[in-house]
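target-v7.cif (mmCIF, C-alpha atoms and all ligand atoms)
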data_final
#
loop_
_atom_site.group_PDB
_atom_site.id
_atom_site.type_symbol
_atom_site.label_atom_id
_atom_site.label_comp_id
_atom_site.auth_asym_id
_atom_site.auth_seq_id
_atom_site.Cartn_x
_atom_site.Cartn_y
_atom_site.Cartn_z
ATOM 1 C CA MET A 236 24.493 -0.214 -5.970
ATOM 2 C CA ILE A 237 21.050 -0.113 -4.405
ATOM 3 C CA ASN A 238 18.822 2.470 -5.950
ATOM 4 C CA ASN A 239 17.050 4.297 -3.132
ATOM 5 C CA GLN A 240 15.161 7.395 -4.168
ATOM 6 C CA HIS A 241 12.194 7.030 -1.879
ATOM 7 C CA ILE A 242 11.410 9.954 0.430
ATOM 8 C CA PRO A 243 9.398 8.894 3.507
ATOM 9 C CA ILE A 244 6.045 10.638 3.960
ATOM 10 C CA MET A 245 4.554 12.358 7.049
ATOM 11 C CA THR A 246 7.422 11.250 9.273
ATOM 12 C CA ASN A 247 6.848 14.048 11.819
ATOM 13 C CA GLU A 248 3.207 13.061 12.215
ATOM 14 C CA ILE A 249 4.195 9.426 12.783
ATOM 15 C CA LEU A 250 7.071 10.232 15.137
ATOM 16 C CA SER A 251 4.828 12.502 17.227
ATOM 17 C CA LEU A 252 2.967 9.344 18.359
ATOM 18 C CA ILE A 253 6.063 8.086 20.144
ATOM 19 C CA ASN A 254 7.639 11.391 21.085
ATOM 20 C CA GLY A 255 9.969 11.222 24.074
ATOM 21 C CA LEU A 256 9.759 7.424 24.314
ATOM 22 C CA LYS A 257 12.730 5.110 23.852
ATOM 23 C CA ASN A 258 13.359 1.489 23.149
ATOM 24 C CA LEU A 259 9.914 0.733 21.754
ATOM 25 C CA SER A 260 9.173 -2.260 19.532
ATOM 26 C CA ILE A 261 7.910 -1.049 16.196
ATOM 27 C CA LEU A 262 6.574 -3.164 13.355
ATOM 28 C CA ASP A 263 7.040 -1.450 9.986
ATOM 29 C CA CYS A 264 4.991 -3.618 7.635
ATOM 30 C CA THR A 265 6.044 -1.755 4.480
ATOM 31 C CA PHE A 266 9.787 -1.199 4.853
ATOM 32 C CA GLY A 267 10.323 -0.073 1.213
ATOM 33 C CA GLY A 268 13.457 2.066 1.064
ATOM 34 C CA GLY A 269 13.612 2.043 4.865
ATOM 35 C CA GLY A 270 12.890 5.760 5.259
ATOM 36 C CA HIS A 271 10.481 5.452 8.155
ATOM 37 C CA SER A 272 12.339 2.546 9.733
ATOM 38 C CA LYS A 273 15.548 4.599 9.756
ATOM 39 C CA LYS A 274 13.791 7.414 11.618
ATOM 40 C CA PHE A 275 12.525 4.916 14.221
ATOM 41 C CA LEU A 276 16.030 3.489 14.603
ATOM 42 C CA GLU A 277 17.601 6.949 14.932
ATOM 43 C CA ASN A 278 15.173 7.608 17.764
ATOM 44 C CA GLY A 279 16.406 4.581 19.684
ATOM 45 C CA HIS A 280 13.698 2.044 18.862
ATOM 46 C CA ASN A 281 13.775 -1.598 17.789
ATOM 47 C CA VAL A 282 12.382 -2.128 14.345
ATOM 48 C CA PHE A 283 10.849 -5.294 12.948
ATOM 49 C CA ALA A 284 10.374 -4.659 9.258
ATOM 50 C CA ILE A 285 8.426 -6.519 6.601
ATOM 51 C CA ASP A 286 8.503 -6.113 2.840
ATOM 52 C CA GLN A 287 8.033 -8.515 -0.030
ATOM 53 C CA ASP A 288 10.595 -6.726 -2.182
ATOM 54 C CA LYS A 289 14.072 -8.198 -2.657
ATOM 55 C CA ASN A 290 15.590 -4.710 -2.885
ATOM 56 C CA SER A 291 14.168 -3.856 0.516
ATOM 57 C CA LEU A 292 16.037 -6.862 1.877
ATOM 58 C CA LYS A 293 19.290 -5.391 0.514
ATOM 59 C CA ILE A 294 18.539 -1.961 1.965
ATOM 60 C CA ALA A 295 17.694 -3.488 5.356
ATOM 61 C CA LYS A 296 20.940 -5.471 5.364
ATOM 62 C CA LYS A 297 22.885 -2.272 4.752
ATOM 63 C CA LEU A 298 21.002 -0.442 7.480
ATOM 64 C CA LYS A 299 21.844 -3.219 9.934
ATOM 65 C CA ASN A 300 25.526 -2.248 9.738
ATOM 66 C CA ASP A 301 24.671 0.984 11.558
ATOM 67 C CA TYR A 302 21.621 -0.209 13.483
ATOM 68 C CA PRO A 303 21.847 -3.811 14.725
ATOM 69 C CA ASN A 304 18.345 -3.555 16.190
ATOM 70 C CA ILE A 305 16.611 -3.863 12.835
ATOM 71 C CA PHE A 306 15.136 -7.251 11.973
ATOM 72 C CA PHE A 307 13.887 -7.739 8.442
ATOM 73 C CA TYR A 308 11.333 -10.267 7.163
ATOM 74 C CA LYS A 309 10.864 -10.710 3.423
ATOM 75 C CA SER A 310 7.175 -11.507 3.291
ATOM 76 C CA ASN A 311 3.740 -10.337 2.370
ATOM 77 C CA PHE A 312 2.332 -8.502 5.399
ATOM 78 C CA LYS A 313 -0.907 -10.467 5.080
ATOM 79 C CA ASN A 314 1.114 -13.371 6.515
ATOM 80 C CA ILE A 315 2.032 -11.475 9.702
ATOM 81 C CA ASP A 316 0.864 -14.441 11.804
ATOM 82 C CA LEU A 317 3.212 -16.853 10.021
ATOM 83 C CA LEU A 318 6.398 -14.883 10.664
ATOM 84 C CA ASP A 319 8.859 -15.909 13.287
ATOM 85 C CA LEU A 320 8.769 -12.508 15.036
ATOM 86 C CA ASN A 321 10.554 -12.834 18.371
ATOM 87 C CA ILE A 322 8.337 -10.128 19.815
ATOM 88 C CA LYS A 323 4.676 -10.961 20.239
ATOM 89 C CA LYS A 324 3.176 -7.474 20.679
ATOM 90 C CA PHE A 325 4.240 -4.058 19.425
ATOM 91 C CA ASP A 326 4.064 -0.438 20.577
ATOM 92 C CA LEU A 327 3.466 0.845 17.057
ATOM 93 C CA ILE A 328 2.439 -0.935 13.901
ATOM 94 C CA PHE A 329 2.866 1.108 10.772
ATOM 95 C CA LEU A 330 1.868 0.691 7.139
ATOM 96 C CA ASP A 331 2.720 3.003 4.263
ATOM 97 C CA LEU A 332 0.793 1.253 1.532
ATOM 98 C CA GLY A 333 1.413 0.768 -2.170
ATOM 99 C CA PHE A 334 4.720 0.945 -3.945
ATOM 100 C CA SER A 335 7.855 2.997 -3.390
ATOM 101 C CA SER A 336 9.531 5.494 -5.719
ATOM 102 C CA ASN A 337 12.290 2.899 -6.153
ATOM 103 C CA GLN A 338 9.732 0.435 -7.486
ATOM 104 C CA LEU A 339 8.073 3.093 -9.659
ATOM 105 C CA GLU A 340 11.388 3.864 -11.321
ATOM 106 C CA SER A 341 12.195 0.192 -11.875
ATOM 107 C CA GLU A 342 11.819 -1.081 -15.432
ATOM 108 C CA GLU A 343 11.395 -4.602 -14.061
ATOM 109 C CA TYR A 344 8.103 -3.802 -12.316
ATOM 110 C CA GLY A 345 6.720 -1.629 -15.104
ATOM 111 C CA LEU A 346 4.591 0.503 -12.794
ATOM 112 C CA SER A 347 5.227 3.764 -14.585
ATOM 113 C CA PHE A 348 3.539 5.028 -17.705
ATOM 114 C CA LYS A 349 6.641 7.105 -18.366
ATOM 115 C CA ILE A 350 8.956 4.102 -18.778
ATOM 116 C CA ASN A 351 8.383 1.669 -21.613
ATOM 117 C CA SER A 352 8.676 -1.804 -20.127
ATOM 118 C CA ASN A 353 7.153 -5.228 -20.433
ATOM 119 C CA LEU A 354 3.606 -5.232 -19.115
ATOM 120 C CA ASN A 355 3.983 -6.469 -15.539
ATOM 121 C CA MET A 356 2.987 -4.193 -12.575
ATOM 122 C CA ASN A 357 3.465 -7.012 -10.093
ATOM 123 C CA TYR A 358 5.774 -5.837 -7.316
ATOM 124 C CA LEU A 359 4.794 -8.435 -4.706
ATOM 125 C CA GLY A 360 5.506 -11.739 -6.422
ATOM 126 C CA GLY A 361 2.830 -14.309 -7.158
ATOM 127 C CA GLY A 362 1.651 -15.532 -10.512
ATOM 128 C CA LEU A 363 -0.475 -12.693 -11.800
ATOM 129 C CA ASN A 364 0.620 -9.651 -13.785
ATOM 130 C CA ALA A 365 -0.827 -6.970 -16.041
ATOM 131 C CA TYR A 366 0.132 -8.887 -19.200
ATOM 132 C CA LYS A 367 -1.990 -11.873 -18.153
ATOM 133 C CA ILE A 368 -4.885 -9.667 -17.061
ATOM 134 C CA ILE A 369 -4.918 -7.594 -20.251
ATOM 135 C CA ASN A 370 -4.404 -10.473 -22.673
ATOM 136 C CA TYR A 371 -6.218 -13.380 -21.007
ATOM 137 C CA TYR A 372 -9.004 -12.110 -18.695
ATOM 138 C CA ASP A 373 -12.390 -12.419 -20.381
ATOM 139 C CA LYS A 374 -14.384 -9.297 -21.101
ATOM 140 C CA ASP A 375 -16.456 -9.449 -17.891
ATOM 141 C CA ALA A 376 -13.409 -9.928 -15.691
ATOM 142 C CA LEU A 377 -11.640 -7.009 -17.379
ATOM 143 C CA GLN A 378 -14.698 -4.845 -16.944
ATOM 144 C CA ARG A 379 -14.865 -5.752 -13.234
ATOM 145 C CA VAL A 380 -11.204 -4.789 -12.696
ATOM 146 C CA PHE A 381 -11.559 -1.431 -14.453
ATOM 147 C CA LYS A 382 -14.835 -0.599 -12.753
ATOM 148 C CA LEU A 383 -13.997 -1.710 -9.205
ATOM 149 C CA TYR A 384 -10.349 -0.780 -8.964
ATOM 150 C CA GLY A 385 -10.080 2.046 -11.494
ATOM 151 C CA GLU A 386 -13.564 3.472 -10.930
ATOM 152 C CA ILE A 387 -13.738 3.927 -14.705
ATOM 153 C CA HIS A 388 -17.333 4.682 -15.729
ATOM 154 C CA GLN A 389 -16.967 3.325 -19.246
ATOM 155 C CA ALA A 390 -15.369 0.087 -18.051
ATOM 156 C CA GLU A 391 -17.443 -2.034 -20.407
ATOM 157 C CA LYS A 392 -16.479 0.032 -23.454
ATOM 158 C CA LEU A 393 -12.821 -0.227 -22.447
ATOM 159 C CA ALA A 394 -12.990 -3.986 -21.841
ATOM 160 C CA ASN A 395 -14.653 -4.540 -25.225
ATOM 161 C CA TYR A 396 -12.044 -2.448 -26.999
ATOM 162 C CA ILE A 397 -9.156 -4.306 -25.350
ATOM 163 C CA VAL A 398 -10.634 -7.715 -26.206
ATOM 164 C CA ASN A 399 -10.919 -6.583 -29.795
ATOM 165 C CA GLN A 400 -7.401 -5.142 -30.021
ATOM 166 C CA ARG A 401 -5.677 -8.105 -28.417
ATOM 167 C CA SER A 402 -7.325 -10.462 -30.926
ATOM 168 C CA LEU A 403 -5.308 -8.620 -33.578
ATOM 169 C CA LYS A 404 -2.061 -8.501 -31.583
ATOM 170 C CA LYS A 405 -1.116 -9.191 -27.961
ATOM 171 C CA ILE A 406 -0.571 -6.068 -25.855
ATOM 172 C CA SER A 407 2.929 -6.525 -24.466
ATOM 173 C CA THR A 408 4.343 -3.257 -23.182
ATOM 174 C CA ASN A 409 3.287 -0.257 -21.131
ATOM 175 C CA PHE A 410 3.498 2.036 -24.143
ATOM 176 C CA GLU A 411 1.368 -0.336 -26.248
ATOM 177 C CA LEU A 412 -1.218 -0.376 -23.469
ATOM 178 C CA ILE A 413 -1.218 3.419 -23.269
ATOM 179 C CA GLU A 414 -1.811 3.583 -27.012
ATOM 180 C CA VAL A 415 -4.748 1.177 -26.713
ATOM 181 C CA LEU A 416 -6.200 3.210 -23.828
ATOM 182 C CA ARG A 417 -5.897 6.392 -25.874
ATOM 183 C CA ASP A 418 -7.431 4.858 -29.005
ATOM 184 C CA SER A 419 -10.330 3.378 -27.016
ATOM 185 C CA GLU A 420 -11.884 6.861 -26.799
ATOM 186 C CA VAL A 421 -13.003 6.065 -23.283
ATOM 187 C CA ASN A 422 -13.624 9.158 -21.200
ATOM 188 C CA PHE A 423 -11.224 8.709 -18.276
ATOM 189 C CA ARG A 424 -12.455 11.849 -16.458
ATOM 190 C CA SER A 425 -8.910 12.562 -15.372
ATOM 191 C CA LYS A 426 -8.270 16.218 -16.062
ATOM 192 C CA LYS A 427 -5.555 16.738 -13.460
ATOM 193 C CA ILE A 428 -3.793 13.413 -13.843
ATOM 194 C CA HIS A 429 -2.410 11.349 -16.728
ATOM 195 C CA PHE A 430 -5.368 9.754 -18.538
ATOM 196 C CA ALA A 431 -3.937 6.258 -18.000
ATOM 197 C CA THR A 432 -3.724 6.620 -14.194
ATOM 198 C CA GLN A 433 -7.034 4.894 -13.360
ATOM 199 C CA ALA A 434 -6.412 1.966 -15.701
ATOM 200 C CA PHE A 435 -2.878 1.491 -14.354
ATOM 201 C CA GLN A 436 -4.170 1.676 -10.783
ATOM 202 C CA ALA A 437 -6.810 -0.956 -11.541
ATOM 203 C CA LEU A 438 -4.303 -3.362 -13.082
ATOM 204 C CA ARG A 439 -1.809 -2.836 -10.270
ATOM 205 C CA ILE A 440 -4.411 -3.488 -7.560
ATOM 206 C CA GLU A 441 -5.545 -6.675 -9.323
ATOM 207 C CA ALA A 442 -2.027 -7.925 -10.136
ATOM 208 C CA ASN A 443 -0.873 -7.558 -6.523
ATOM 209 C CA ASN A 444 -4.119 -8.362 -4.738
ATOM 210 C CA GLU A 445 -3.585 -5.094 -2.886
ATOM 211 C CA LEU A 446 -7.003 -4.767 -1.266
ATOM 212 C CA GLU A 447 -7.216 -8.391 -0.222
ATOM 213 C CA ASN A 448 -3.752 -8.220 1.353
ATOM 214 C CA LEU A 449 -4.870 -5.268 3.438
ATOM 215 C CA LEU A 450 -8.151 -6.893 4.471
ATOM 216 C CA ILE A 451 -6.428 -10.123 5.509
ATOM 217 C CA PHE A 452 -3.820 -8.160 7.470
ATOM 218 C CA LEU A 453 -6.478 -6.112 9.277
ATOM 219 C CA GLU A 454 -8.273 -9.280 10.350
ATOM 220 C CA LYS A 455 -5.140 -10.317 12.212
ATOM 221 C CA VAL A 456 -3.412 -7.157 13.393
ATOM 222 C CA HIS A 457 -5.149 -6.785 16.798
ATOM 223 C CA ASP A 458 -3.275 -9.858 18.046
ATOM 224 C CA PHE A 459 -0.011 -7.955 17.643
ATOM 225 C CA LEU A 460 -0.857 -4.686 19.395
ATOM 226 C CA LYS A 461 0.029 -3.882 23.021
ATOM 227 C CA PHE A 462 -2.376 -2.077 25.297
ATOM 228 C CA ASN A 463 -2.244 1.663 24.432
ATOM 229 C CA SER A 464 -0.206 1.048 21.292
ATOM 230 C CA HIS A 465 -0.897 2.683 17.926
ATOM 231 C CA LEU A 466 -1.834 1.416 14.500
ATOM 232 C CA ALA A 467 -0.977 4.023 11.845
ATOM 233 C CA ILE A 468 -1.761 3.526 8.171
ATOM 234 C CA ILE A 469 -0.948 5.742 5.199
ATOM 235 C CA SER A 470 -2.913 5.024 2.039
ATOM 236 C CA PHE A 471 -2.748 6.580 -1.396
ATOM 237 C CA HIS A 472 -6.083 5.909 -3.027
ATOM 238 C CA SER A 473 -9.694 6.080 -1.938
ATOM 239 C CA LEU A 474 -10.314 2.322 -2.133
ATOM 240 C CA GLU A 475 -7.596 1.606 0.427
ATOM 241 C CA ASP A 476 -8.505 4.566 2.588
ATOM 242 C CA ARG A 477 -12.127 3.378 2.705
ATOM 243 C CA ILE A 478 -11.024 -0.043 3.952
ATOM 244 C CA VAL A 479 -8.903 1.538 6.700
ATOM 245 C CA LYS A 480 -11.654 3.992 7.676
ATOM 246 C CA ASN A 481 -14.245 1.217 7.904
ATOM 247 C CA TYR A 482 -11.876 -1.014 9.863
ATOM 248 C CA PHE A 483 -11.357 1.632 12.544
ATOM 249 C CA ARG A 484 -15.095 2.465 12.609
ATOM 250 C CA GLU A 485 -16.128 -1.147 12.961
ATOM 251 C CA ASN A 486 -13.617 -1.699 15.744
ATOM 252 C CA LYS A 487 -14.085 1.568 17.576
ATOM 253 C CA ILE A 488 -14.043 1.111 21.340
ATOM 254 C CA LYS A 489 -17.487 1.542 22.830
ATOM 255 C CA LYS A 490 -17.831 3.855 25.827
ATOM 256 C CA ASN A 491 -19.969 1.414 27.823
ATOM 257 C CA LYS A 492 -18.676 -1.952 26.771
ATOM 258 C CA ASN A 493 -21.615 -4.063 25.780
ATOM 259 C CA LEU A 494 -21.566 -7.293 27.785
ATOM 260 C CA THR A 495 -22.898 -9.239 24.842
ATOM 261 C CA ASP A 496 -19.980 -8.009 22.763
ATOM 262 C CA ASN A 497 -17.524 -10.903 22.851
ATOM 263 C CA LYS A 498 -14.641 -8.683 21.754
ATOM 264 C CA ASN A 499 -12.505 -7.245 24.542
ATOM 265 C CA TRP A 500 -10.539 -4.783 22.460
ATOM 266 C CA GLY A 501 -11.073 -1.787 20.210
ATOM 267 C CA PHE A 502 -9.570 1.452 18.949
ATOM 268 C CA GLU A 503 -9.824 5.026 20.038
ATOM 269 C CA ILE A 504 -9.798 6.780 16.676
ATOM 270 C CA LEU A 505 -7.243 9.608 16.745
ATOM 271 C CA THR A 506 -8.011 10.849 13.229
ATOM 272 C CA LYS A 507 -11.729 11.520 12.664
ATOM 273 C CA LYS A 508 -10.684 12.777 9.250
ATOM 274 C CA PRO A 509 -7.486 11.435 7.739
ATOM 275 C CA MET A 510 -4.382 13.549 8.216
ATOM 276 C CA VAL A 511 -2.789 14.856 5.043
ATOM 277 C CA ALA A 512 0.728 16.079 4.341
ATOM 278 C CA SER A 513 1.541 19.757 4.854
ATOM 279 C CA GLN A 514 1.775 22.046 1.838
ATOM 280 C CA PHE A 515 5.489 22.324 2.494
ATOM 281 C CA GLU A 516 5.904 18.549 2.348
ATOM 282 C CA VAL A 517 3.863 18.286 -0.861
ATOM 283 C CA LEU A 518 6.007 20.995 -2.452
ATOM 284 C CA ASN A 519 9.087 18.946 -1.690
ATOM 285 C CA ASN A 520 7.617 15.543 -2.448
ATOM 286 C CA ASN A 521 4.795 15.385 -4.964
ATOM 287 C CA ARG A 522 3.993 11.810 -3.923
ATOM 288 C CA ALA A 523 2.786 13.138 -0.565
ATOM 289 C CA ARG A 524 -0.147 14.954 -2.191
ATOM 290 C CA SER A 525 -2.468 11.956 -2.132
ATOM 291 C CA ALA A 526 -1.334 10.453 1.187
ATOM 292 C CA LYS A 527 -3.969 9.937 3.880
ATOM 293 C CA LEU A 528 -2.943 8.924 7.375
ATOM 294 C CA ARG A 529 -5.348 7.273 9.830
ATOM 295 C CA ILE A 530 -4.363 6.360 13.381
ATOM 296 C CA GLY A 531 -6.045 4.287 16.049
ATOM 297 C CA LYS A 532 -5.012 3.818 19.678
ATOM 298 C CA PHE A 533 -5.477 0.216 20.722
ATOM 299 C CA ILE A 534 -7.421 -0.313 23.923
ATOM 300 C CA ASN A 535 -8.183 -3.642 25.540
HETATM 301 C C1 LIG B 601 5.246 3.284 -0.058
HETATM 302 S S1 LIG B 601 6.435 2.029 0.071
HETATM 303 C C2 LIG B 601 7.025 2.221 1.706
HETATM 304 C C3 LIG B 601 8.118 3.202 1.831
HETATM 305 C C4 LIG B 601 8.775 3.263 3.183
HETATM 306 N N1 LIG B 601 7.853 3.659 4.214
HETATM 307 C C5 LIG B 601 9.965 4.172 3.153
HETATM 308 O O1 LIG B 601 9.957 5.185 3.839
HETATM 309 O O2 LIG B 601 10.915 3.883 2.432
HETATM 310 C C6 LIG B 601 5.473 0.595 0.193
HETATM 311 C C7 LIG B 601 6.266 -0.678 0.343
HETATM 312 O O3 LIG B 601 5.380 -1.661 0.826
HETATM 313 C C8 LIG B 601 5.617 -2.873 0.186
HETATM 314 N N2 LIG B 601 4.357 -3.602 0.187
HETATM 315 C C9 LIG B 601 3.172 -3.223 -0.324
HETATM 316 N N3 LIG B 601 2.245 -4.159 -0.098
HETATM 317 C C10 LIG B 601 2.865 -5.161 0.579
HETATM 318 C C11 LIG B 601 2.428 -6.401 1.107
HETATM 319 N N4 LIG B 601 1.164 -6.805 0.969
HETATM 320 N N5 LIG B 601 3.323 -7.161 1.757
HETATM 321 C C12 LIG B 601 4.606 -6.758 1.905
HETATM 322 N N6 LIG B 601 5.087 -5.603 1.422
HETATM 323 C C13 LIG B 601 4.219 -4.810 0.775
HETATM 324 C C14 LIG B 601 6.101 -2.518 -1.196
HETATM 325 O O4 LIG B 601 6.900 -3.564 -1.711
HETATM 326 C C15 LIG B 601 6.855 -1.212 -0.931
HETATM 327 O O5 LIG B 601 8.219 -1.462 -0.764
#

Rendering of file as structure tokens:
Amino acid sequence: MINNQHIPIMTNEILSLINGLKNLSILDCTFGGGGHSKKFLENGHNVFAIDQDKNSLKIAKKLKNDYPNIFFYKSNFKNIDLLDLNIKKFDLIFLDLGFSSNQLESEEYGLSFKINSNLNMNYLGGGLNAYKIINYYDKDALQRVFKLYGEIHQAEKLANYIVNQRSLKKISTNFELIEVLRDSEVNFRSKKIHFATQAFQALRIEANNELENLLIFLEKVHDFLKFNSHLAIISFHSLEDRIVKNYFRENKIKKNKNLTDNKNWGFEILTKKPMVASQFEVLNNNRARSAKLRIGKFIN
């Protein structure tokens, strides 16, 4: 049986972009449990879906029984230009970044601090994982990861403590890591959230190359957007949201196109501030509380 517990986020806000339209070509770059894709299919659209996860492939295959117009590509979305998509340009390109509830609940990926599993946190494939980072990165590299991706002020203290602890015994599981984090006496400044959240976030971003994937994708995405199409991106932490915000700002369409500007495309930014989920949605789906949605309309 395929475990699918993921509830799609801000679906009404996304669907409102294509309200009343039919038969559009939509690229869902983060298929996950297929929640958003299913909504697009139910509304009569053609969905090209990407996800690196093998379980997403299974879910997409099942969905195809009811909706033949879904086409799934098991890939990292940073490789969008290498896929054999039989459509060249899309009406909507959508990303719902990070990991799904299915992946969070999976012991294999070890993303949760509530489940004791082998230290991994890699949900996108590739050679790196949290075990290698924690046990083999040198002190400076560890400090960089915790500072940049966890925004932990006492990153150096934490890195030093980990280097010391692992010389006594390798840190192999999520619960062992949590114990080390607790014993480090680092001030994680996280009153409202679990104290290990920032450290887990940092390791997950590093293990999956999350920010680099997004940056590489954004470099390429304009080649896949039709005139007047939309690019909509949901992010879940400030580092990702900043990348998306800056991308739209840097590529904002200028009112009087500068002749020296060799770029003939840009975005009308539809979300000056990011949209957030309604209180009602957050009540029903706690994961929606940190979601930020930014949308640009592609003009060329
Ligand atoms: C938040 S979930 C998406 C949930 C989906 N919108 C739904 O409603 O079920 C994010 C998904 O994106 C995938 N993902 C994240 N980064 C990726 C990348 N760089 N390439 C491909 N898939 C990625 C993850 O594997 C995960 O399944």

With the PyMOL selection byres (((not hetatm)) within 9 of (chain B and resi 601)) as the selection, what would be picked from this file? Answer as a PyMOL selection string, please. chain A and resi 239-244+246+263-274+285-291+309-314+329-338+358-359+443-449+452+469-471

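Taken over the shown file, the PyMOL selection byres (((chain A and resi 396-400) around 10) and not hetatm) identifies Ile369, Asn370, Tyr371, Tyr372, Asp373, Lys374, Leu377, Ala390, Glu391, Lys392, Leu393, Ala394, Asn395, Arg401, Ser402, Leu403, Lys404, Lys405, Ile406, Leu412, Val415, Leu416, Asp418, Ser419, Glu420 and Val421 of chain A.
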
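If you look at atom CA of Met510 of chain A and atom CA of Ile253 of chain A, they are 16.8 Å away from each other.
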
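The nearest approach to Ile440 of chain A among the residues A:Asn300, A:Asn481, A:Gln389, A:Asn355, with all atoms listed in the file taken into account, belongs to A:Asn355.
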
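Remark: for Pro509 of chain A, the closest of the candidate residues A:Tyr302, A:Phe430, A:Phe483, A:Phe283 is A:Phe483 (distances computed over all atoms listed in the file).
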
Carefully work through the PyMOL selection byres (((chain A and resi 256-261) around 9) and not hetatm) for this structure and note down the residues it includes, as an mmCIF file with C-alpha atoms, keeping the file's coordinate frame.
data_model
loop_
_atom_site.group_PDB
_atom_site.id
_atom_site.type_symbol
_atom_site.label_atom_id
_atom_site.label_comp_id
_atom_site.auth_asym_id
_atom_site.auth_seq_id
_atom_site.Cartn_x
_atom_site.Cartn_y
_atom_site.Cartn_z
ATOM 1 C CA ILE A 253 6.063 8.086 20.144
ATOM 2 C CA ASN A 254 7.639 11.391 21.085
ATOM 3 C CA GLY A 255 9.969 11.222 24.074
ATOM 4 C CA LEU A 262 6.574 -3.164 13.355
ATOM 5 C CA ASP A 263 7.040 -1.450 9.986
ATOM 6 C CA SER A 272 12.339 2.546 9.733
ATOM 7 C CA PHE A 275 12.525 4.916 14.221
ATOM 8 C CA ASN A 278 15.173 7.608 17.764
ATOM 9 C CA GLY A 279 16.406 4.581 19.684
ATOM 10 C CA HIS A 280 13.698 2.044 18.862
ATOM 11 C CA ASN A 281 13.775 -1.598 17.789
ATOM 12 C CA VAL A 282 12.382 -2.128 14.345
ATOM 13 C CA PHE A 283 10.849 -5.294 12.948
ATOM 14 C CA ALA A 284 10.374 -4.659 9.258
ATOM 15 C CA ILE A 322 8.337 -10.128 19.815
ATOM 16 C CA LYS A 324 3.176 -7.474 20.679
ATOM 17 C CA PHE A 325 4.240 -4.058 19.425
ATOM 18 C CA ASP A 326 4.064 -0.438 20.577
ATOM 19 C CA LEU A 327 3.466 0.845 17.057
ATOM 20 C CA ILE A 328 2.439 -0.935 13.901
ATOM 21 C CA PHE A 329 2.866 1.108 10.772
#

For Met356 of chain A, please output as a PyMOL selection string all residues within 9 Å (counting all atoms listed in the file; exclusion window: fewer than 3 positions along the same chain). chain A and resi 343-347+353+364-366+435+438-440+442-443

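Distances from A:Ala467, A:Ala295, A:Ile504, A:Leu528 to Leu252 of chain A were compared using all atoms listed in the file, and the smallest one belongs to A:Ala467.
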
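Relative to atom CA of Lys507 of chain A, atom CA of Asp476 of chain A is found at 12.7 Å.
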
Between atom CA of Arg529 of chain A and atom CA of Ser473 of chain A lies a distance of 12.6 Å

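The closest residue to Leu460 of chain A, picked from A:Asn535, A:Ser513, A:Asn422, A:Asn520 and counting all atoms listed in the file, is A:Asn535.
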
Restricting to only C-alpha atoms, whichever of A:Lys296, A:Lys527, A:Arg484, A:Arg522 is closest to Leu339 of chain A is A:Arg522

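Nearest to Lys367 of chain A of all the residues A:Glu340, A:Lys532, A:Lys427, A:Leu354 is A:Leu354, based on all atoms listed in the file.
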
Step by step, gather every atom of segment 472-482 of chain A that the file lists, find the box along x, y and z that holds them, add 8 Å on each side, and finally give centre and edge lengths in Å to one decimal, as lines of an AutoDock Vina configuration file.
center_x = -10.2
center_y = 2.5
center_z = 3.4
size_x = 24.2
size_y = 23.1
size_z = 28.9
